[in-house]
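Below is one structure; the comments refer to it alone.
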Amino acid sequence: MKQIMSLLTKYFADSIEFQEGLRGDTFLILKDPSKIVEVLQLLKENGFNMLIDLTAVHYPHREYKFEIIYNMLSMEPLLRLIVKVPMKEDWPEIDSVTSLYKTANWYEREVYDMFGVRFKNHPNLKRILMWEGFKGHPLRKEYPLEGDNLHCHD
Amino acid sequence: MTNIKKELDIKTDRMIVNMGPSHPITHGTLHIILELEGETIVGSETRIGYLHRGVEKLGENRTYQKFIPFTDRMNYTSSINNNVGYTLAVEKLLGIQSPPRAQVIEVIACELGRIADHIVCVGINAVDIGAFSAFLYLFKYREFIYDIFERMTGGRLTTSYTRIGGVKRDLDDVTIDKIRQFIKEFPKAVDELEALLTKNRIWYDRTRGIGEFSAEDAISYGYTGPCLRACGVEWDLRKVQPYLGYENYEFEVPVGTRGDVYDRYLVRVEEMRQSVKILEQAIENLPEGPIIVDDPRIVLPPKEEVYNTIEGLICHMKLIMEGVKPPAGEIYSATEAANGELGFYIVSDGEARPYRIRVRPPCFPIFSSFDEQVKGHMIADAVAILGSLNIIAGELDR
């Protein structure tokens, strides 16, 4: 872990920050969202061959409204690293990582569907869990739990 | 096939075939749109989401304990593994560990759940391909496992067995006897299954070389569990990142070579045998002691205390009304469920409700590779591939 941390600091010193998690997890905060593909590429070339999970968290009352979370796994040796990308905008846009990890295709569609985060250069960015024409993004905090019955589909 | 066509110059149009949303092989509601040229699949598009219940949104709106029944309904063929995965994640967030006896009971529950899941997967996959008797022979033992679960948990399919910091009920002698009986009888059933299928010419021809997947692709697609191991990658979280004291058990991790449907079947069969081995060790070394941690902030007090003491009553009321309050922070915890890595990413802001629960389901990334796997195969092969990937709609759509 130390090696990969020093490597990341060497190349992206001014745009990243490391955080220690609650129970020994390592978090990498990427302050410059435009560098996400480069960072993941560096990680991929240095052992982090699996993108285990990709998700987002919505913080409507914070300055940075979204956090995109890339959950990385290195199989040999076993390392886990969570890359967090804070985003300021209400409707954020970030580069797609489908060129690096094929699994990102569906995960990114899911995050787009549930949160309305757009992914640049995604080959097929459309809804995956909700039907086409559904309005709203259900996992945003302002979306009501009981649903929005005004938007029945045609 | 293509050569003959060229010589005869038969004109075939491309045809679109809709498989599902409700089709006997789709194991739930999935929609697969196949583009055919003759009988060969040249393209496909999968649509999921028919069952979307918003489990994550529901989790954000209730306390930590009240999410346990929802985990049952994600992978309903091995719900107990989901219970264990979820409570382990909350325990990690709280920084506690369940007592030794509870851990061994959870291991027993997990392995029984894994066997039940593999029985369903292998049996239904065989039914889809046309071998019905293997399914009938095996399903007897799934009933057996569900009888054990009924005694252990009170439920057969939706178990809700584990609690934050332990398990709901202790194992009694009858249950232990039943598990012993299962350990004794089940290996024979696996032998029977292998006699029926492994060297069966039809089964071999229908599954060998179908849906072959390289280890590199599998890793890029985020495969975990039996499907990844069938590609020849020795990767099992029980070995590489042990939880619940799995490092104390002796078992092997089976791997395949080619990553096709046949290898996935072989890996699952061998895993059932290894699970029996773990069960044997667990049942023989069941330690004495409590089954849940003794912490009134996390665990409901026994009913006698609730009825007879004011402290018990207050603890009970506070836990029911407010719930467990973990420290603020974020954790990711993963377990090896029957299907692969089941992860929970929990963001806590220090309140009684989780700020965000993210479930990392094993079959969502696996299924995303379906379009690539079926290309060049026939419709009947698509059926075999779909069964071997072990898609559970409840987990896929969440």
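Each chain of the structure tokens is named A, B, ... in the order shown, its residues numbered from 1; ligands are numbered from 1 in display order.
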Test item: residues at most 10 Å from stretch 16-28 of chain A, only C-alpha atoms, excluding those fewer than 4 positions along its chain, as a PyMOL selection string: (chain A and resi 1+5+8-9+11-12+32+35+39+69-71+79-85) or (chain B and resi 92-95+327-333)
Counting only C-alpha atoms, a student should be able to say which residues of chain A come within 7 Å of chain B; what is the right answer, written as a VMD selection string? chain A and resid 21 to 22 49 to 53 57 101 to 103 106 128 to 130 139
What does the file look like for those residues with all heavy atoms, as a short mmCIF file (atom, residue, chain, number, x, y, z; two decimals), in the first residue's frame?
```cif
data_model
loop_
_atom_site.label_atom_id
_atom_site.label_comp_id
_atom_site.auth_asym_id
_atom_site.auth_seq_id
_atom_site.Cartn_x
_atom_site.Cartn_y
_atom_site.Cartn_z
N GLY A 21 -9.58 5.49 6.94
CA GLY A 21 -10.98 5.22 7.24
C GLY A 21 -11.18 4.80 8.68
O GLY A 21 -10.24 4.80 9.48
N LEU A 22 -12.42 4.42 9.01
CA LEU A 22 -12.76 4.04 10.38
C LEU A 22 -11.98 2.82 10.85
O LEU A 22 -11.43 2.80 11.93
CB LEU A 22 -14.24 3.71 10.45
CG LEU A 22 -15.21 4.74 10.98
CD1 LEU A 22 -16.58 4.13 11.10
CD2 LEU A 22 -14.75 5.28 12.31
N ASN A 49 -6.39 -4.56 -10.50
CA ASN A 49 -6.96 -5.04 -11.75
C ASN A 49 -8.46 -5.17 -11.72
O ASN A 49 -9.06 -5.52 -12.71
CB ASN A 49 -6.32 -6.37 -12.15
CG ASN A 49 -6.22 -7.32 -10.98
OD1 ASN A 49 -6.78 -7.04 -9.92
ND2 ASN A 49 -5.55 -8.43 -11.17
N MET A 50 -9.08 -4.95 -10.59
CA MET A 50 -10.53 -5.12 -10.54
C MET A 50 -11.22 -3.88 -9.99
O MET A 50 -10.80 -3.32 -8.99
CB MET A 50 -10.89 -6.34 -9.70
CG MET A 50 -12.07 -7.09 -10.26
SD MET A 50 -12.68 -8.32 -9.17
CE MET A 50 -12.02 -9.80 -9.86
N LEU A 51 -12.25 -3.46 -10.71
CA LEU A 51 -13.13 -2.41 -10.21
C LEU A 51 -14.31 -3.13 -9.57
O LEU A 51 -15.19 -3.61 -10.25
CB LEU A 51 -13.58 -1.51 -11.36
CG LEU A 51 -14.55 -0.40 -11.02
CD1 LEU A 51 -13.87 0.67 -10.20
CD2 LEU A 51 -15.12 0.23 -12.27
N ILE A 52 -14.26 -3.25 -8.26
CA ILE A 52 -15.27 -4.05 -7.58
C ILE A 52 -16.62 -3.35 -7.57
O ILE A 52 -17.64 -3.96 -7.77
CB ILE A 52 -14.78 -4.35 -6.13
CG1 ILE A 52 -13.91 -5.60 -6.14
CG2 ILE A 52 -15.91 -4.50 -5.17
CD1 ILE A 52 -14.63 -6.89 -6.35
N ASP A 53 -16.60 -2.06 -7.41
CA ASP A 53 -17.87 -1.37 -7.27
C ASP A 53 -17.72 0.09 -7.68
O ASP A 53 -16.63 0.66 -7.58
CB ASP A 53 -18.33 -1.44 -5.80
CG ASP A 53 -19.79 -1.11 -5.67
OD1 ASP A 53 -20.46 -0.98 -6.70
OD2 ASP A 53 -20.26 -1.00 -4.53
N VAL A 57 -22.66 9.00 -3.71
CA VAL A 57 -23.41 9.42 -2.53
C VAL A 57 -23.82 10.86 -2.75
O VAL A 57 -23.04 11.67 -3.25
CB VAL A 57 -22.55 9.30 -1.24
CG1 VAL A 57 -23.40 9.57 -0.03
CG2 VAL A 57 -21.92 7.93 -1.13
N TYR A 101 -12.04 -0.57 -17.52
CA TYR A 101 -12.73 -1.71 -16.90
C TYR A 101 -14.05 -1.90 -17.61
O TYR A 101 -14.88 -1.01 -17.64
CB TYR A 101 -12.98 -1.44 -15.42
CG TYR A 101 -11.74 -1.24 -14.62
CD1 TYR A 101 -11.28 0.04 -14.33
CD2 TYR A 101 -11.02 -2.32 -14.16
CE1 TYR A 101 -10.13 0.22 -13.60
CE2 TYR A 101 -9.87 -2.14 -13.43
CZ TYR A 101 -9.43 -0.88 -13.14
OH TYR A 101 -8.30 -0.70 -12.42
N LYS A 102 -14.26 -3.10 -18.15
CA LYS A 102 -15.51 -3.34 -18.87
C LYS A 102 -16.71 -3.32 -17.93
O LYS A 102 -17.81 -2.98 -18.33
CB LYS A 102 -15.44 -4.70 -19.57
CG LYS A 102 -14.50 -4.70 -20.75
CD LYS A 102 -14.40 -6.09 -21.35
CE LYS A 102 -13.49 -6.10 -22.54
NZ LYS A 102 -13.17 -7.47 -22.97
N THR A 103 -16.48 -3.69 -16.70
CA THR A 103 -17.59 -3.73 -15.76
C THR A 103 -18.16 -2.34 -15.49
O THR A 103 -19.30 -2.20 -15.06
CB THR A 103 -17.16 -4.41 -14.45
OG1 THR A 103 -18.25 -4.43 -13.57
CG2 THR A 103 -16.04 -3.67 -13.78
N TRP A 106 -21.96 -1.08 -17.01
CA TRP A 106 -23.27 -1.16 -16.33
C TRP A 106 -23.29 -0.33 -15.05
O TRP A 106 -24.30 0.27 -14.72
CB TRP A 106 -23.62 -2.62 -16.01
CG TRP A 106 -24.27 -3.32 -17.15
CD1 TRP A 106 -24.10 -3.05 -18.48
CD2 TRP A 106 -25.21 -4.40 -17.08
NE1 TRP A 106 -24.87 -3.90 -19.22
CE2 TRP A 106 -25.54 -4.75 -18.40
CE3 TRP A 106 -25.77 -5.10 -16.02
CZ2 TRP A 106 -26.45 -5.77 -18.69
CZ3 TRP A 106 -26.66 -6.13 -16.31
CH2 TRP A 106 -26.99 -6.45 -17.64
N ILE A 128 -30.85 1.95 -16.73
CA ILE A 128 -30.71 0.49 -16.68
C ILE A 128 -31.75 -0.13 -15.77
O ILE A 128 -32.29 -1.19 -16.08
CB ILE A 128 -29.28 0.10 -16.29
CG1 ILE A 128 -29.08 -1.40 -16.39
CG2 ILE A 128 -28.89 0.58 -14.92
CD1 ILE A 128 -27.65 -1.82 -16.37
N LEU A 129 -32.05 0.49 -14.65
CA LEU A 129 -33.01 -0.12 -13.72
C LEU A 129 -34.42 0.46 -13.88
O LEU A 129 -35.40 -0.25 -13.76
CB LEU A 129 -32.54 0.06 -12.27
CG LEU A 129 -31.26 -0.70 -11.91
CD1 LEU A 129 -30.83 -0.35 -10.50
CD2 LEU A 129 -31.46 -2.19 -12.00
N MET A 130 -34.50 1.75 -14.14
CA MET A 130 -35.81 2.35 -14.37
C MET A 130 -36.10 2.31 -15.86
O MET A 130 -35.21 2.16 -16.67
CB MET A 130 -35.86 3.79 -13.87
CG MET A 130 -35.28 4.01 -12.48
SD MET A 130 -35.98 2.97 -11.22
CE MET A 130 -37.61 3.63 -11.10
N LEU A 139 -32.28 7.76 -6.24
CA LEU A 139 -31.42 7.73 -5.06
C LEU A 139 -30.93 9.10 -4.64
O LEU A 139 -30.18 9.22 -3.69
CB LEU A 139 -30.23 6.79 -5.29
CG LEU A 139 -30.53 5.31 -5.01
CD1 LEU A 139 -29.31 4.47 -5.21
CD2 LEU A 139 -31.08 5.09 -3.63
#
```
Find the residues around B:Pro326 up to 10 Å (only C-alpha atoms counted), leave out those fewer than 3 positions away in its own chain, and share them as a compact mmCIF listing (two decimals) with all heavy atoms, in the first residue's frame.
```txt
# COMPACT_ATOMS: atom_id res chain seq x y z
N TYR B 64 -30.65 0.36 11.41
CA TYR B 64 -29.75 -0.70 10.94
C TYR B 64 -30.37 -2.09 11.09
O TYR B 64 -30.24 -2.92 10.21
CB TYR B 64 -28.42 -0.62 11.68
CG TYR B 64 -27.57 0.52 11.20
CD1 TYR B 64 -27.63 1.76 11.79
CD2 TYR B 64 -26.71 0.36 10.12
CE1 TYR B 64 -26.86 2.81 11.33
CE2 TYR B 64 -25.93 1.39 9.66
CZ TYR B 64 -26.01 2.62 10.27
OH TYR B 64 -25.26 3.65 9.81
N VAL B 90 -22.17 -4.14 9.39
CA VAL B 90 -22.54 -3.23 10.48
C VAL B 90 -21.62 -3.45 11.68
O VAL B 90 -21.23 -2.49 12.36
CB VAL B 90 -24.02 -3.42 10.87
CG1 VAL B 90 -24.40 -2.46 11.97
CG2 VAL B 90 -24.92 -3.21 9.68
N GLU B 91 -21.25 -4.72 11.93
CA GLU B 91 -20.32 -4.98 13.02
C GLU B 91 -18.98 -4.31 12.77
O GLU B 91 -18.36 -3.78 13.70
CB GLU B 91 -20.13 -6.49 13.20
CG GLU B 91 -21.28 -7.15 13.95
CD GLU B 91 -21.29 -8.65 13.82
OE1 GLU B 91 -20.23 -9.22 13.50
OE2 GLU B 91 -22.36 -9.25 14.03
N LYS B 92 -18.56 -4.30 11.52
CA LYS B 92 -17.30 -3.62 11.20
C LYS B 92 -17.44 -2.12 11.45
O LYS B 92 -16.53 -1.48 11.98
CB LYS B 92 -16.94 -3.88 9.74
CG LYS B 92 -15.57 -3.34 9.35
CD LYS B 92 -15.23 -3.69 7.92
CE LYS B 92 -13.96 -3.00 7.50
NZ LYS B 92 -13.70 -3.12 6.06
N LEU B 93 -18.59 -1.58 11.09
CA LEU B 93 -18.83 -0.15 11.31
C LEU B 93 -18.81 0.18 12.79
O LEU B 93 -18.27 1.19 13.21
CB LEU B 93 -20.18 0.23 10.69
CG LEU B 93 -20.61 1.68 10.69
CD1 LEU B 93 -19.65 2.51 9.89
CD2 LEU B 93 -22.01 1.82 10.12
N LEU B 94 -19.39 -0.71 13.60
CA LEU B 94 -19.44 -0.49 15.04
C LEU B 94 -18.12 -0.85 15.72
O LEU B 94 -17.88 -0.46 16.85
CB LEU B 94 -20.54 -1.34 15.66
CG LEU B 94 -21.99 -0.91 15.40
CD1 LEU B 94 -22.92 -2.05 15.68
CD2 LEU B 94 -22.34 0.27 16.27
N GLY B 95 -17.30 -1.64 15.03
CA GLY B 95 -16.04 -2.07 15.64
C GLY B 95 -16.22 -3.17 16.66
O GLY B 95 -15.49 -3.22 17.66
N ARG B 297 -26.52 -1.32 24.22
CA ARG B 297 -26.72 -0.28 23.20
C ARG B 297 -26.94 -0.90 21.82
O ARG B 297 -27.36 -0.23 20.89
CB ARG B 297 -25.51 0.65 23.15
CG ARG B 297 -25.40 1.56 24.35
CD ARG B 297 -24.03 2.17 24.39
NE ARG B 297 -22.98 1.12 24.35
CZ ARG B 297 -21.70 1.37 24.14
NH1 ARG B 297 -21.28 2.59 23.94
NH2 ARG B 297 -20.82 0.37 24.12
N ILE B 298 -26.60 -2.20 21.68
CA ILE B 298 -26.66 -2.83 20.37
C ILE B 298 -27.69 -3.94 20.32
O ILE B 298 -28.38 -4.13 19.32
CB ILE B 298 -25.26 -3.37 20.00
CG1 ILE B 298 -24.27 -2.22 19.92
CG2 ILE B 298 -25.29 -4.15 18.70
CD1 ILE B 298 -22.84 -2.66 19.88
N GLY B 323 -32.77 2.93 17.75
CA GLY B 323 -31.87 2.05 17.00
C GLY B 323 -30.42 2.21 17.39
O GLY B 323 -30.08 3.03 18.25
N GLY B 329 -18.75 7.70 9.75
CA GLY B 329 -17.65 7.19 8.93
C GLY B 329 -18.16 6.31 7.82
O GLY B 329 -19.37 6.13 7.65
N SER B 348 -22.14 6.27 7.27
CA SER B 348 -22.88 6.62 8.47
C SER B 348 -22.57 8.06 8.83
O SER B 348 -21.42 8.50 8.77
CB SER B 348 -22.47 5.69 9.60
OG SER B 348 -22.71 6.30 10.85
N ASP B 349 -23.61 8.83 9.22
CA ASP B 349 -23.34 10.18 9.69
C ASP B 349 -23.54 10.26 11.19
O ASP B 349 -23.74 11.34 11.75
CB ASP B 349 -24.20 11.20 8.94
CG ASP B 349 -25.69 10.86 9.02
OD1 ASP B 349 -26.02 9.81 9.58
OD2 ASP B 349 -26.51 11.65 8.53
N GLY B 350 -23.52 9.10 11.86
CA GLY B 350 -23.64 9.09 13.31
C GLY B 350 -25.08 8.98 13.78
O GLY B 350 -25.35 8.88 14.96
N GLU B 351 -26.02 9.00 12.85
CA GLU B 351 -27.43 8.87 13.22
C GLU B 351 -27.81 7.38 13.27
O GLU B 351 -27.03 6.51 12.91
CB GLU B 351 -28.30 9.59 12.19
CG GLU B 351 -28.19 11.11 12.23
CD GLU B 351 -28.64 11.68 13.56
OE1 GLU B 351 -29.73 11.32 14.02
OE2 GLU B 351 -27.89 12.48 14.14
N ALA B 352 -29.06 7.13 13.68
CA ALA B 352 -29.51 5.74 13.79
C ALA B 352 -29.81 5.13 12.43
O ALA B 352 -29.91 3.92 12.31
CB ALA B 352 -30.74 5.67 14.68
N ARG B 353 -29.99 5.97 11.43
CA ARG B 353 -30.22 5.45 10.09
C ARG B 353 -28.96 5.61 9.27
O ARG B 353 -28.29 6.64 9.37
CB ARG B 353 -31.33 6.25 9.39
CG ARG B 353 -32.68 6.06 10.00
CD ARG B 353 -33.60 7.10 9.42
NE ARG B 353 -34.96 6.92 9.90
CZ ARG B 353 -35.97 7.62 9.44
NH1 ARG B 353 -35.78 8.54 8.52
NH2 ARG B 353 -37.18 7.43 9.91
N PRO B 354 -28.66 4.63 8.44
CA PRO B 354 -27.49 4.79 7.57
C PRO B 354 -27.73 5.92 6.56
O PRO B 354 -28.84 6.06 6.05
CB PRO B 354 -27.38 3.45 6.87
CG PRO B 354 -28.70 2.81 7.01
CD PRO B 354 -29.33 3.34 8.25
```
Skip A:His137 itself and residues of its chain fewer than 2 positions away, then list as an NGL selection string all residues within 12 Å of it, counting only C-alpha atoms. (:A and (58 or 91 or 110-118 or 127-131 or 133-135 or 139-145 or 147-148)) or (:B and (54 or 57))
Would you mind writing down, as a PyMOL selection string, each residue of chain A that DSSP on the backbone assigns to strand (DSSP E)? chain A and resi 16-20+26-30+50-58+66-74+79-87+93-95+118-120
May I have the selected residues written with N, CA and C atoms, as a compact mmCIF listing (two decimals), in the first residue's frame?
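Wrote out-v3.txt, looks like this:
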```
# COMPACT_ATOMS: atom_id res chain seq x y z
N ILE A 16 -4.51 15.05 -5.16
CA ILE A 16 -5.04 13.95 -4.34
C ILE A 16 -4.74 14.15 -2.87
N GLU A 17 -5.43 13.36 -2.09
CA GLU A 17 -5.27 13.44 -0.64
C GLU A 17 -5.63 12.08 -0.08
N PHE A 18 -4.90 11.59 0.89
CA PHE A 18 -5.21 10.29 1.48
C PHE A 18 -5.93 10.47 2.80
N GLN A 19 -6.86 9.55 3.07
CA GLN A 19 -7.58 9.60 4.33
C GLN A 19 -7.60 8.21 4.93
N GLU A 20 -7.47 8.16 6.22
CA GLU A 20 -7.58 6.89 6.91
C GLU A 20 -9.04 6.67 7.28
N THR A 26 -8.37 2.47 3.38
CA THR A 26 -7.69 3.65 2.85
C THR A 26 -8.58 4.33 1.83
N PHE A 27 -8.74 5.61 1.97
CA PHE A 27 -9.53 6.39 1.02
C PHE A 27 -8.61 7.34 0.28
N LEU A 28 -8.86 7.45 -1.01
CA LEU A 28 -8.10 8.39 -1.82
C LEU A 28 -9.08 9.44 -2.31
N ILE A 29 -8.87 10.69 -1.93
CA ILE A 29 -9.76 11.76 -2.38
C ILE A 29 -9.13 12.40 -3.60
N LEU A 30 -9.85 12.39 -4.69
CA LEU A 30 -9.34 12.98 -5.92
C LEU A 30 -10.04 14.32 -6.10
N MET A 50 -9.08 -4.95 -10.59
CA MET A 50 -10.53 -5.12 -10.54
C MET A 50 -11.22 -3.88 -9.99
N LEU A 51 -12.25 -3.46 -10.71
CA LEU A 51 -13.13 -2.41 -10.21
C LEU A 51 -14.31 -3.13 -9.57
N ILE A 52 -14.26 -3.25 -8.26
CA ILE A 52 -15.27 -4.05 -7.58
C ILE A 52 -16.62 -3.35 -7.57
N ASP A 53 -16.60 -2.06 -7.41
CA ASP A 53 -17.87 -1.37 -7.27
C ASP A 53 -17.72 0.09 -7.68
N LEU A 54 -18.79 0.64 -8.19
CA LEU A 54 -18.80 2.05 -8.55
C LEU A 54 -20.13 2.61 -8.10
N THR A 55 -20.11 3.60 -7.27
CA THR A 55 -21.38 4.15 -6.80
C THR A 55 -21.21 5.63 -6.49
N ALA A 56 -22.25 6.24 -5.99
CA ALA A 56 -22.19 7.65 -5.65
C ALA A 56 -22.97 7.90 -4.37
N VAL A 57 -22.66 9.00 -3.71
CA VAL A 57 -23.41 9.42 -2.53
C VAL A 57 -23.82 10.86 -2.75
N HIS A 58 -25.05 11.17 -2.41
CA HIS A 58 -25.59 12.51 -2.62
C HIS A 58 -25.59 13.26 -1.30
N PHE A 66 -21.89 15.81 -4.68
CA PHE A 66 -21.81 14.38 -4.98
C PHE A 66 -20.43 13.85 -4.65
N GLU A 67 -20.41 12.58 -4.29
CA GLU A 67 -19.14 11.88 -4.20
C GLU A 67 -19.26 10.64 -5.05
N ILE A 68 -18.44 10.51 -6.07
CA ILE A 68 -18.43 9.29 -6.86
C ILE A 68 -17.40 8.36 -6.23
N ILE A 69 -17.78 7.13 -6.01
CA ILE A 69 -16.91 6.22 -5.28
C ILE A 69 -16.49 5.07 -6.18
N TYR A 70 -15.20 4.94 -6.38
CA TYR A 70 -14.65 3.83 -7.15
C TYR A 70 -13.99 2.90 -6.15
N ASN A 71 -14.50 1.66 -6.11
CA ASN A 71 -14.00 0.71 -5.13
C ASN A 71 -13.03 -0.23 -5.83
N MET A 72 -11.75 -0.07 -5.54
CA MET A 72 -10.72 -0.80 -6.29
C MET A 72 -10.20 -1.98 -5.48
N LEU A 73 -9.85 -3.03 -6.22
CA LEU A 73 -9.31 -4.22 -5.57
C LEU A 73 -8.07 -4.67 -6.32
N SER A 74 -7.02 -4.92 -5.57
CA SER A 74 -5.83 -5.53 -6.14
C SER A 74 -5.77 -6.95 -5.62
N LEU A 79 -5.15 -5.86 -1.77
CA LEU A 79 -5.26 -4.47 -1.30
C LEU A 79 -6.61 -3.93 -1.73
N ARG A 80 -7.18 -3.13 -0.87
CA ARG A 80 -8.42 -2.46 -1.27
C ARG A 80 -8.22 -0.96 -1.12
N LEU A 81 -8.69 -0.23 -2.11
CA LEU A 81 -8.53 1.22 -2.08
C LEU A 81 -9.83 1.83 -2.59
N ILE A 82 -10.34 2.79 -1.85
CA ILE A 82 -11.58 3.43 -2.28
C ILE A 82 -11.24 4.83 -2.78
N VAL A 83 -11.52 5.08 -4.04
CA VAL A 83 -11.23 6.39 -4.64
C VAL A 83 -12.51 7.20 -4.61
N LYS A 84 -12.44 8.35 -3.96
CA LYS A 84 -13.63 9.20 -3.88
C LYS A 84 -13.40 10.47 -4.68
N VAL A 85 -14.39 10.81 -5.50
CA VAL A 85 -14.27 12.02 -6.30
C VAL A 85 -15.40 12.97 -5.91
N PRO A 86 -15.12 14.03 -5.16
CA PRO A 86 -16.18 14.98 -4.82
C PRO A 86 -16.50 15.86 -6.02
N MET A 87 -17.80 16.10 -6.23
CA MET A 87 -18.24 16.91 -7.38
C MET A 87 -19.11 18.05 -6.87
N GLU A 93 -20.71 15.87 -14.26
CA GLU A 93 -20.29 15.08 -15.40
C GLU A 93 -18.85 14.66 -15.17
N ILE A 94 -18.56 13.41 -15.45
CA ILE A 94 -17.21 12.89 -15.21
C ILE A 94 -16.86 11.94 -16.35
N ASP A 95 -15.57 11.76 -16.59
CA ASP A 95 -15.14 10.88 -17.68
C ASP A 95 -15.48 9.44 -17.34
N ARG A 118 -23.68 12.26 -15.15
CA ARG A 118 -23.41 11.87 -16.54
C ARG A 118 -21.95 11.43 -16.69
N PHE A 119 -21.74 10.47 -17.60
CA PHE A 119 -20.38 9.99 -17.84
C PHE A 119 -20.00 10.29 -19.28
N LYS A 120 -18.97 11.08 -19.46
CA LYS A 120 -18.50 11.43 -20.81
C LYS A 120 -17.88 10.23 -21.48
```
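Among the candidates B:Leu88, B:Ala109, B:Ala189, B:Ile392, the one nearest to B:Met74 when counting only C-alpha atoms is B:Ile392.
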Residue nearest B:Ala215 - candidates B:Glu247, B:Asp128, B:Glu395, B:Asp260, atoms counted: only C-alpha atoms: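 Nearest candidate to B:Ala215 out of B:Glu247, B:Asp128, B:Glu395, B:Asp260: B:Asp260.
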Separation of atom CA of B:Thr158 from atom CA of B:Leu319 in Å: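 Rounded to one decimal, the two atoms are 23.1 Å apart.
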What are the DSSP helix (DSSP H, G or I) residues of stretch 107-203 of chain B, as a ChimeraX atom specification? /B:107-129,133-153,173-197,201-203
Nearest to B:Ile145 among B:Arg229, B:Arg114, B:Arg273, B:Lys188, with distances taken over only C-alpha atoms: which residue is it?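 Smallest separation from B:Ile145 among the options: B:Arg114.
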How far is it from atom CA of B:Lys168 to atom CA of B:Asn75, in Å with one decimal?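 A separation of 20.0 Å between them.
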Tell me, in Å to one decimal, how far atom CA of A:Ile36 is from atom CA of A:Pro138. 25.3 Å
Please provide the set of residues having any atom within 9 Å of B:Val267, restricted to only C-alpha atoms, with same-chain residues fewer than 5 positions apart removed, written as a list in words.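 Non-adjacent residues within range: Pro226, Cys227, Arg229, Ala230, Val253, Pro254, Val255, Gly256, Tyr262 and Met272 of chain B.
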Go ahead and write the residues just picked, C-alpha atoms, as a PDB file, in the first residue's frame.
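Heads up, here's the output in result-v9.pdb:
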```pdb
ATOM      1  CA  PRO B 226     -17.484 -19.695  -8.911  1.00  0.00           C
ATOM      2  CA  CYS B 227     -17.595 -17.996 -12.317  1.00  0.00           C
ATOM      3  CA  ARG B 229     -12.703 -19.563 -10.295  1.00  0.00           C
ATOM      4  CA  ALA B 230     -13.891 -21.510 -13.333  1.00  0.00           C
ATOM      5  CA  VAL B 253     -10.579 -23.754  -3.422  1.00  0.00           C
ATOM      6  CA  PRO B 254     -11.473 -25.559  -6.657  1.00  0.00           C
ATOM      7  CA  VAL B 255     -10.494 -23.875  -9.918  1.00  0.00           C
ATOM      8  CA  GLY B 256     -11.339 -24.602 -13.531  1.00  0.00           C
ATOM      9  CA  TYR B 262     -18.832 -27.151 -17.855  1.00  0.00           C
ATOM     10  CA  MET B 272     -20.438 -28.335  -2.356  1.00  0.00           C
TER      11      MET B 272
END
```
Need the shell around B:Arg14: protein/DNA/RNA residues with any atom at most 10 Å away, counting only C-alpha atoms. Skip same-chain ones fewer than 6 positions apart. Format as a list of chain:residue names?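 So the residues in contact are B:Glu35, B:Leu36, B:Glu37, B:Gly38, B:Glu39, B:Thr40, B:Ile41, B:Val42.
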Quick one: write out the picked residues with N, CA, C and O atoms as an mmCIF file, in the first residue's frame?
```
data_model
loop_
_atom_site.group_PDB
_atom_site.id
_atom_site.type_symbol
_atom_site.label_atom_id
_atom_site.label_comp_id
_atom_site.auth_asym_id
_atom_site.auth_seq_id
_atom_site.Cartn_x
_atom_site.Cartn_y
_atom_site.Cartn_z
ATOM 1 N N GLU B 35 -30.340 -10.974 -31.583
ATOM 2 C CA GLU B 35 -30.331 -10.747 -33.013
ATOM 3 C C GLU B 35 -29.717 -11.988 -33.649
ATOM 4 O O GLU B 35 -28.596 -12.367 -33.337
ATOM 5 N N LEU B 36 -30.478 -12.640 -34.525
ATOM 6 C CA LEU B 36 -30.056 -13.922 -35.065
ATOM 7 C C LEU B 36 -29.757 -13.831 -36.550
ATOM 8 O O LEU B 36 -30.406 -13.091 -37.288
ATOM 9 N N GLU B 37 -28.752 -14.595 -36.927
ATOM 10 C CA GLU B 37 -28.530 -14.796 -38.350
ATOM 11 C C GLU B 37 -28.569 -16.297 -38.548
ATOM 12 O O GLU B 37 -27.661 -17.002 -38.103
ATOM 13 N N GLY B 38 -29.614 -16.786 -39.166
ATOM 14 C CA GLY B 38 -29.830 -18.227 -39.149
ATOM 15 C C GLY B 38 -30.124 -18.628 -37.729
ATOM 16 O O GLY B 38 -31.040 -18.106 -37.112
ATOM 17 N N GLU B 39 -29.295 -19.509 -37.187
ATOM 18 C CA GLU B 39 -29.487 -19.883 -35.792
ATOM 19 C C GLU B 39 -28.414 -19.297 -34.886
ATOM 20 O O GLU B 39 -28.396 -19.545 -33.688
ATOM 21 N N THR B 40 -27.512 -18.545 -35.475
ATOM 22 C CA THR B 40 -26.401 -18.014 -34.694
ATOM 23 C C THR B 40 -26.755 -16.633 -34.132
ATOM 24 O O THR B 40 -27.332 -15.805 -34.829
ATOM 25 N N ILE B 41 -26.351 -16.428 -32.905
ATOM 26 C CA ILE B 41 -26.592 -15.129 -32.275
ATOM 27 C C ILE B 41 -25.491 -14.178 -32.706
ATOM 28 O O ILE B 41 -24.312 -14.456 -32.506
ATOM 29 N N VAL B 42 -25.865 -13.074 -33.315
ATOM 30 C CA VAL B 42 -24.828 -12.120 -33.709
ATOM 31 C C VAL B 42 -24.816 -10.904 -32.799
ATOM 32 O O VAL B 42 -23.848 -10.151 -32.771
#
```
